[in-house]
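The structure appears right after this line, and notes come after that.
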Amino acid sequence: MSIPSAVKSTPIYGRQQLIDFLAAGEKPRDAWRIGTEHEKFGFRTDDLKPPAFEGDRGIRALLEGIASRYGWEILREGDTPVALVQDKANITLEPAGQLELSGAPLETIHQTCREVNSHLEEVRSVADGMGLGFLGMGFQPKWRRDEMPWMPKGRYKIMREYMPKVGSLGLDMMTRTCTVQVNLDFGSEGDMVRKFRTSLALQPIATALFADSPFTDGKPNGYLSYRSHVWTDTDADRTGMLDFVFEDGFGYERYVDYMLDVPMYFSYQDGRYVDLAGKDFKRFMAGTLDELPGTRATMKDWGDHLTTAFPEVRLKQYLEMRGADGGPWNRLCALPAFWVGLLYDDDALHAAWELVEHFTREERHALRDGVPKHALKLPFRSGTVRDLAREALQIAAHGLKRRNRLNRHGADESIFLEPLIEIVESNQTPAERKLELFHGEWNGSVDPVFKEFAY
């Protein structure tokens, strides 16, 4: 569910164009789709090191191998392959070579899970012959930041130089994190607001359920979702819980105002990325940037700029749920099931909002700040986050049952919630399970994770 090709290089003459762009995402219910994205860490199976871009066992060779064998089109920056495209889906590179599938907009989670499985099979069939494997976790468990490779993409060079100026963990975010996210549609501005508020308040619950990043540099880091913690010191101008979403009058216009205050990273001009890190998009709209004198921002620039904010829920022409650690294939299907169950059924959305509508600002922040360390066991009011997760899963299951999208065996989409239900009932997150193994049969080593939990 990437930015549509209809985004043209039309100059921006006023703020209303930016508002109208977001509003253009509205769709009737029968056109609502599910877009699932997931990232994964590559590693060399002999020494567990992340593959570089070049070389016989590099990311370039992997991309070219997938394209050649399975008919993907290669997208390039200059002569450098940086992405693959096929049937509204794409495979892209994160900064340190993490491989991301941005799935096609699909009607059901059954289709989503088939897409995920097909993608993993394609990647594995090529990677096996290169001595490469792939791991789904939220944070690189073994290698230091300075041991991670960098991919030759123009925007990453700009971000790499800017990140240390605005936070201490931004380079870790770029090189050592992986996530799974789901992108969902809305029918009107009011529907967008309800979904945004509900999902933003519940995002820490998803973080807790998917917590799977307990190791840094080969040792326990004191967190269950260290990936989530990394975002707290990446760049305060473009991350966080967005308190204004819960204020009266929130809508497209208020989100545009937020984005206009987010500093820029770049503009893509004539096939190259122009470094505009820290610059004011409003000045770009006015054509008064010293770096691009007389050049006015276009709607393509606005579409790009929308991708450079990283809140827990992000609005483009759809809503992105961004709170979950990467994980194994069954949790890649569980995340869309969780959010579709909560947000695509009216009764479920109403019940989910009732669950969170009385949370105070302080409580929302306490959940966001506490979940990375404590996950399901974080105390909340008279119980724990586990209690909230159990209620949210029950609401999601009922929503999916009412959707009644069946597979060929007659099962509805609620079957994809089973890994999450198991996590809640055991009261043990994936991170806690790995810590148990680390302190037990793994004998204090993270190396076994690359074999036991690889795709």
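Residue numbering restarts at 1 for every chain of the structure tokens, chains are lettered A, B, ... in their displayed order, and ligands are numbered from 1 as they appear.
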Counting only C-alpha atoms, what is within 7 Å of stretch 276-278 of chain A, bar same-chain residues fewer than 4 positions away, as a ChimeraX atom specification? /A:162,263-267
Kindly save the residues from that selection, with N, CA and C atoms included, as an mmCIF file, in the first residue's frame.
```cif
data_model
loop_
_atom_site.group_PDB
_atom_site.id
_atom_site.type_symbol
_atom_site.label_atom_id
_atom_site.label_comp_id
_atom_site.auth_asym_id
_atom_site.auth_seq_id
_atom_site.Cartn_x
_atom_site.Cartn_y
_atom_site.Cartn_z
ATOM 1 N N TYR A 162 22.389 12.767 9.561
ATOM 2 C CA TYR A 162 21.517 13.633 10.359
ATOM 3 C C TYR A 162 21.148 13.027 11.707
ATOM 4 N N PRO A 263 10.777 18.429 10.467
ATOM 5 C CA PRO A 263 11.883 18.830 9.589
ATOM 6 C C PRO A 263 12.063 17.854 8.426
ATOM 7 N N MET A 264 12.572 18.359 7.335
ATOM 8 C CA MET A 264 12.776 17.544 6.147
ATOM 9 C C MET A 264 14.015 16.659 6.274
ATOM 10 N N TYR A 265 14.097 15.684 5.393
ATOM 11 C CA TYR A 265 15.312 14.921 5.143
ATOM 12 C C TYR A 265 15.905 15.271 3.770
ATOM 13 N N PHE A 266 15.060 15.251 2.733
ATOM 14 C CA PHE A 266 15.591 15.310 1.373
ATOM 15 C C PHE A 266 14.500 15.736 0.399
ATOM 16 N N SER A 267 14.943 16.004 -0.826
ATOM 17 C CA SER A 267 14.049 16.071 -1.981
ATOM 18 C C SER A 267 14.719 15.307 -3.114
#
```
Which residues come within 12 Å of A:Arg60, counting only C-alpha atoms, excluding same-chain residues fewer than 2 positions away, as a ChimeraX atom specification? /A:51-58,62-67,74-76,79-84,92-93,97,99,127,130,151-152
Nearby residues (only C-alpha atoms) at most 7 Å from stretch 205-218 of chain A, same-chain spacing under 6 positions excluded, as a ChimeraX atom specification: /A:137-144,224-227,323-325,371,375-376,385,389,420,423,429-431,445-446
Using the selection just defined, write its residues with N, CA and C atoms as a CSV table (one decimal), in the first residue's frame.
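So out_12.csv came out as:
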```csv
chain,number,residue,atom,x,y,z
A,137,MET,N,13.2,-10.9,14.0
A,137,MET,CA,13.2,-10.4,15.4
A,137,MET,C,13.1,-8.9,15.3
A,138,GLY,N,12.9,-8.2,16.5
A,138,GLY,CA,12.8,-6.8,16.5
A,138,GLY,C,14.1,-6.1,16.5
A,139,PHE,N,15.2,-6.7,17.0
A,139,PHE,CA,16.5,-6.0,17.1
A,139,PHE,C,17.6,-7.0,16.8
A,140,GLN,N,18.6,-6.6,16.1
A,140,GLN,CA,19.7,-7.5,15.7
A,140,GLN,C,20.3,-8.0,17.0
A,141,PRO,N,20.3,-9.3,17.3
A,141,PRO,CA,20.7,-9.9,18.6
A,141,PRO,C,22.2,-10.0,18.8
A,142,LYS,N,23.0,-9.9,17.8
A,142,LYS,CA,24.5,-10.3,18.0
A,142,LYS,C,25.4,-9.2,17.6
A,143,TRP,N,25.2,-8.5,16.5
A,143,TRP,CA,26.3,-7.7,15.9
A,143,TRP,C,26.1,-6.2,16.4
A,144,ARG,N,27.3,-5.6,16.6
A,144,ARG,CA,27.3,-4.2,17.1
A,144,ARG,C,26.9,-3.3,15.9
A,224,LEU,N,12.3,-6.1,26.8
A,224,LEU,CA,11.6,-7.2,26.0
A,224,LEU,C,11.4,-6.7,24.6
A,225,SER,N,11.1,-5.4,24.4
A,225,SER,CA,11.1,-4.9,23.0
A,225,SER,C,12.1,-3.7,23.0
A,226,TYR,N,13.3,-4.0,22.8
A,226,TYR,CA,14.3,-3.0,22.7
A,226,TYR,C,14.1,-2.1,21.4
A,227,ARG,N,13.6,-2.8,20.4
A,227,ARG,CA,13.2,-2.0,19.2
A,227,ARG,C,12.3,-0.8,19.5
A,323,GLY,N,3.7,-0.5,15.7
A,323,GLY,CA,4.2,-0.8,17.1
A,323,GLY,C,4.8,-2.1,17.3
A,324,ALA,N,4.9,-3.0,16.3
A,324,ALA,CA,5.3,-4.4,16.6
A,324,ALA,C,6.7,-4.7,16.1
A,325,ASP,N,7.4,-5.6,16.9
A,325,ASP,CA,8.6,-6.2,16.5
A,325,ASP,C,8.4,-7.2,15.4
A,371,VAL,N,6.0,-0.5,28.5
A,371,VAL,CA,5.9,-1.8,27.7
A,371,VAL,C,7.2,-2.3,27.2
A,375,ALA,N,6.4,-5.3,29.0
A,375,ALA,CA,5.4,-6.0,28.1
A,375,ALA,C,4.2,-6.3,28.8
A,376,LEU,N,3.7,-7.6,28.7
A,376,LEU,CA,2.4,-8.0,29.3
A,376,LEU,C,2.3,-7.8,30.8
A,385,VAL,N,-1.0,-5.1,31.7
A,385,VAL,CA,-1.2,-5.0,30.2
A,385,VAL,C,-1.8,-6.3,29.7
A,389,ALA,N,-4.6,-6.8,26.8
A,389,ALA,CA,-4.3,-7.6,25.6
A,389,ALA,C,-5.4,-8.7,25.5
A,420,LEU,N,-1.1,-15.2,19.2
A,420,LEU,CA,-1.2,-14.1,20.2
A,420,LEU,C,-2.0,-14.6,21.4
A,423,ILE,N,0.4,-16.5,23.5
A,423,ILE,CA,1.3,-15.6,24.2
A,423,ILE,C,0.6,-15.1,25.5
A,429,THR,N,6.1,-13.6,26.6
A,429,THR,CA,6.3,-13.0,25.3
A,429,THR,C,7.4,-13.8,24.5
A,430,PRO,N,7.5,-13.6,23.2
A,430,PRO,CA,8.6,-14.2,22.5
A,430,PRO,C,10.0,-13.9,23.1
A,431,ALA,N,10.1,-12.6,23.5
A,431,ALA,CA,11.4,-12.2,24.1
A,431,ALA,C,11.7,-13.0,25.4
A,445,SER,N,24.6,-17.9,25.0
A,445,SER,CA,24.9,-17.5,23.7
A,445,SER,C,23.7,-17.2,22.9
A,446,VAL,N,23.7,-16.2,22.0
A,446,VAL,CA,22.6,-15.9,21.2
A,446,VAL,C,22.7,-16.6,19.8
```
Minimum-distance residue to A:Ala337, chosen among A:Leu184, A:Ala454, A:Ala286, A:Ala61 (using only C-alpha atoms): A:Leu184
Determine which residues of stretch 100-157 of chain A receive a DSSP assignment of helix (DSSP H, G or I), computed from the backbone, and state them as a list in words.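 After running DSSP on the backbone, stretch 100-157 of chain A has helix (DSSP H, G or I) at Ile109, His110, Gln111, Thr112, Cys113, Arg114, Glu115, Val116, Asn117, Ser118, His119, Leu120, Glu121, Glu122, Val123, Arg124, Ser125, Val126, Ala127, Asp128, Gly129, Met130, Arg145, Asp146, Glu147, Gly154, Arg155, Tyr156 and Lys157 of chain A.
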Excluding A:Thr308 and its own-chain neighbours fewer than 2 positions away, which residues fall within 12 Å of it when counting only C-alpha atoms? Please give them as a PyMOL selection string. chain A and resi 155-156+158-159+235+237-239+259-267+277-278+281+301-306+310-311+314-316
Env of A:Leu400: 9 Å cut, atoms = only C-alpha atoms, seq-sep filter 3 positions within chain, self excluded. Answer as a list in words. Ala337, Phe338, Val340, Gly341, Leu342, Tyr344, Asp345, Ala348, Ile395, Ala396, Ala397, Arg403, Asn404, Arg405, Asp412, Glu413 and Ser414 of chain A
Write to file, as a PDB file, in the first residue's frame, the residues of the selection just made, with C-alpha atoms.
```pdb
ATOM      1  CA  ALA A 337      -5.567 -10.177  12.021  1.00  0.00           C
ATOM      2  CA  PHE A 338      -5.322  -8.205  15.269  1.00  0.00           C
ATOM      3  CA  VAL A 340      -8.369  -5.808  11.021  1.00  0.00           C
ATOM      4  CA  GLY A 341     -10.449  -7.490  13.722  1.00  0.00           C
ATOM      5  CA  LEU A 342     -10.388  -4.311  15.801  1.00  0.00           C
ATOM      6  CA  TYR A 344     -12.691  -3.094  10.114  1.00  0.00           C
ATOM      7  CA  ASP A 345     -15.842  -4.132  12.003  1.00  0.00           C
ATOM      8  CA  ALA A 348     -15.414  -4.154  17.264  1.00  0.00           C
ATOM      9  CA  ILE A 395     -12.790  -7.962  20.552  1.00  0.00           C
ATOM     10  CA  ALA A 396     -10.598  -8.656  17.506  1.00  0.00           C
ATOM     11  CA  ALA A 397     -11.724 -12.293  17.333  1.00  0.00           C
ATOM     12  CA  ARG A 403     -16.310 -10.332   8.801  1.00  0.00           C
ATOM     13  CA  ASN A 404     -16.759 -14.022   7.968  1.00  0.00           C
ATOM     14  CA  ARG A 405     -14.004 -14.215   5.370  1.00  0.00           C
ATOM     15  CA  ASP A 412     -12.504 -17.511   9.294  1.00  0.00           C
ATOM     16  CA  GLU A 413      -9.641 -15.072   9.822  1.00  0.00           C
ATOM     17  CA  SER A 414      -9.700 -15.395  13.615  1.00  0.00           C
TER      18      SER A 414
END
```
Which of A:Arg124, A:Arg33, A:Lys165, A:His110 sits closest to A:Ala334 [using only C-alpha atoms]: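 Using only C-alpha atoms, the shortest distance to A:Ala334 belongs to A:His110.
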Please list as an mmCIF file with N, CA and C atoms, in the first residue's frame every residue within 8 Å of A:Ala24, counting only C-alpha atoms and excluding residues in the same chain fewer than 3 positions away.
```cif
data_model
loop_
_atom_site.group_PDB
_atom_site.id
_atom_site.type_symbol
_atom_site.label_atom_id
_atom_site.label_comp_id
_atom_site.auth_asym_id
_atom_site.auth_seq_id
_atom_site.Cartn_x
_atom_site.Cartn_y
_atom_site.Cartn_z
ATOM 1 N N ASP A 20 -6.264 17.884 1.065
ATOM 2 C CA ASP A 20 -7.030 17.126 0.067
ATOM 3 C C ASP A 20 -6.328 15.817 -0.284
ATOM 4 N N PHE A 21 -5.002 15.831 -0.265
ATOM 5 C CA PHE A 21 -4.259 14.607 -0.560
ATOM 6 C C PHE A 21 -4.602 13.517 0.447
ATOM 7 N N GLN A 317 -2.271 8.055 2.940
ATOM 8 C CA GLN A 317 -3.631 7.898 2.409
ATOM 9 C C GLN A 317 -4.251 6.618 2.967
#
```
I need the strand (DSSP E) residues of stretch 177-322 of chain A per DSSP on the backbone, written as a PyMOL selection string. chain A and resi 179-184+215-216+219-220+239-240+266-269+272-275+310-311+313-315+319-322
Please produce a file of those selected residues containing C-alpha atoms, as a short mmCIF file (atom, residue, chain, number, x, y, z; two decimals), in the first residue's frame.
```cif
data_model
loop_
_atom_site.label_atom_id
_atom_site.label_comp_id
_atom_site.auth_asym_id
_atom_site.auth_seq_id
_atom_site.Cartn_x
_atom_site.Cartn_y
_atom_site.Cartn_z
CA THR A 179 9.28 -4.51 12.33
CA VAL A 180 6.04 -5.87 10.96
CA GLN A 181 3.27 -3.38 10.25
CA VAL A 182 -0.17 -3.35 8.70
CA ASN A 183 -1.69 -0.59 6.59
CA LEU A 184 -5.46 -0.11 6.70
CA PHE A 215 19.37 -8.95 23.08
CA THR A 216 21.96 -6.33 22.13
CA LYS A 219 23.68 -10.14 25.64
CA PRO A 220 20.35 -9.42 27.34
CA THR A 239 8.24 10.10 16.70
CA GLY A 240 5.93 9.42 19.64
CA PHE A 266 15.59 15.31 1.37
CA SER A 267 14.05 16.07 -1.98
CA TYR A 268 14.45 13.75 -4.95
CA GLN A 269 15.43 15.97 -7.87
CA ARG A 272 19.35 12.31 -7.07
CA TYR A 273 18.62 12.96 -3.41
CA VAL A 274 19.26 16.55 -2.34
CA ASP A 275 20.23 16.81 1.33
CA PHE A 310 7.73 7.82 12.44
CA PRO A 311 4.96 8.03 15.07
CA VAL A 313 0.56 5.26 14.04
CA ARG A 314 1.19 7.12 10.79
CA LEU A 315 -1.30 8.70 8.41
CA LEU A 319 -3.23 4.34 8.45
CA GLU A 320 -0.06 2.45 9.35
CA MET A 321 0.18 0.42 12.57
CA ARG A 322 3.86 0.68 13.53
#
```
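When only C-alpha atoms are used to compute distances to A:Pro149, the closest of the residues A:Asn221, A:Thr177, A:Gln98, A:Ser228 turns out to be A:Gln98.
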So how many Å separate atom CA of A:Gly222 and atom CA of A:Arg176, to one decimal?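 Calculated distance between atom CA of A:Gly222 and atom CA of A:Arg176 is 16.6 Å.
Proximity of A:Glu422, A:Gly187, A:Phe380, A:Asp369 to A:Asp346, computed with only C-alpha atoms, is greatest for A:Gly187.
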In Å, rounded to a single decimal, give me how far atom CA of A:Arg254 is from atom CA of A:Ala351.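 Atom CA of A:Ala351 sits 25.7 Å away from atom CA of A:Arg254.
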A:Arg194 surroundings by only C-alpha atoms, 9 Å radius, close-in-sequence under 4 positions cut, as a PyMOL selection string: chain A and resi 189-190+198-199+343+349-350+353
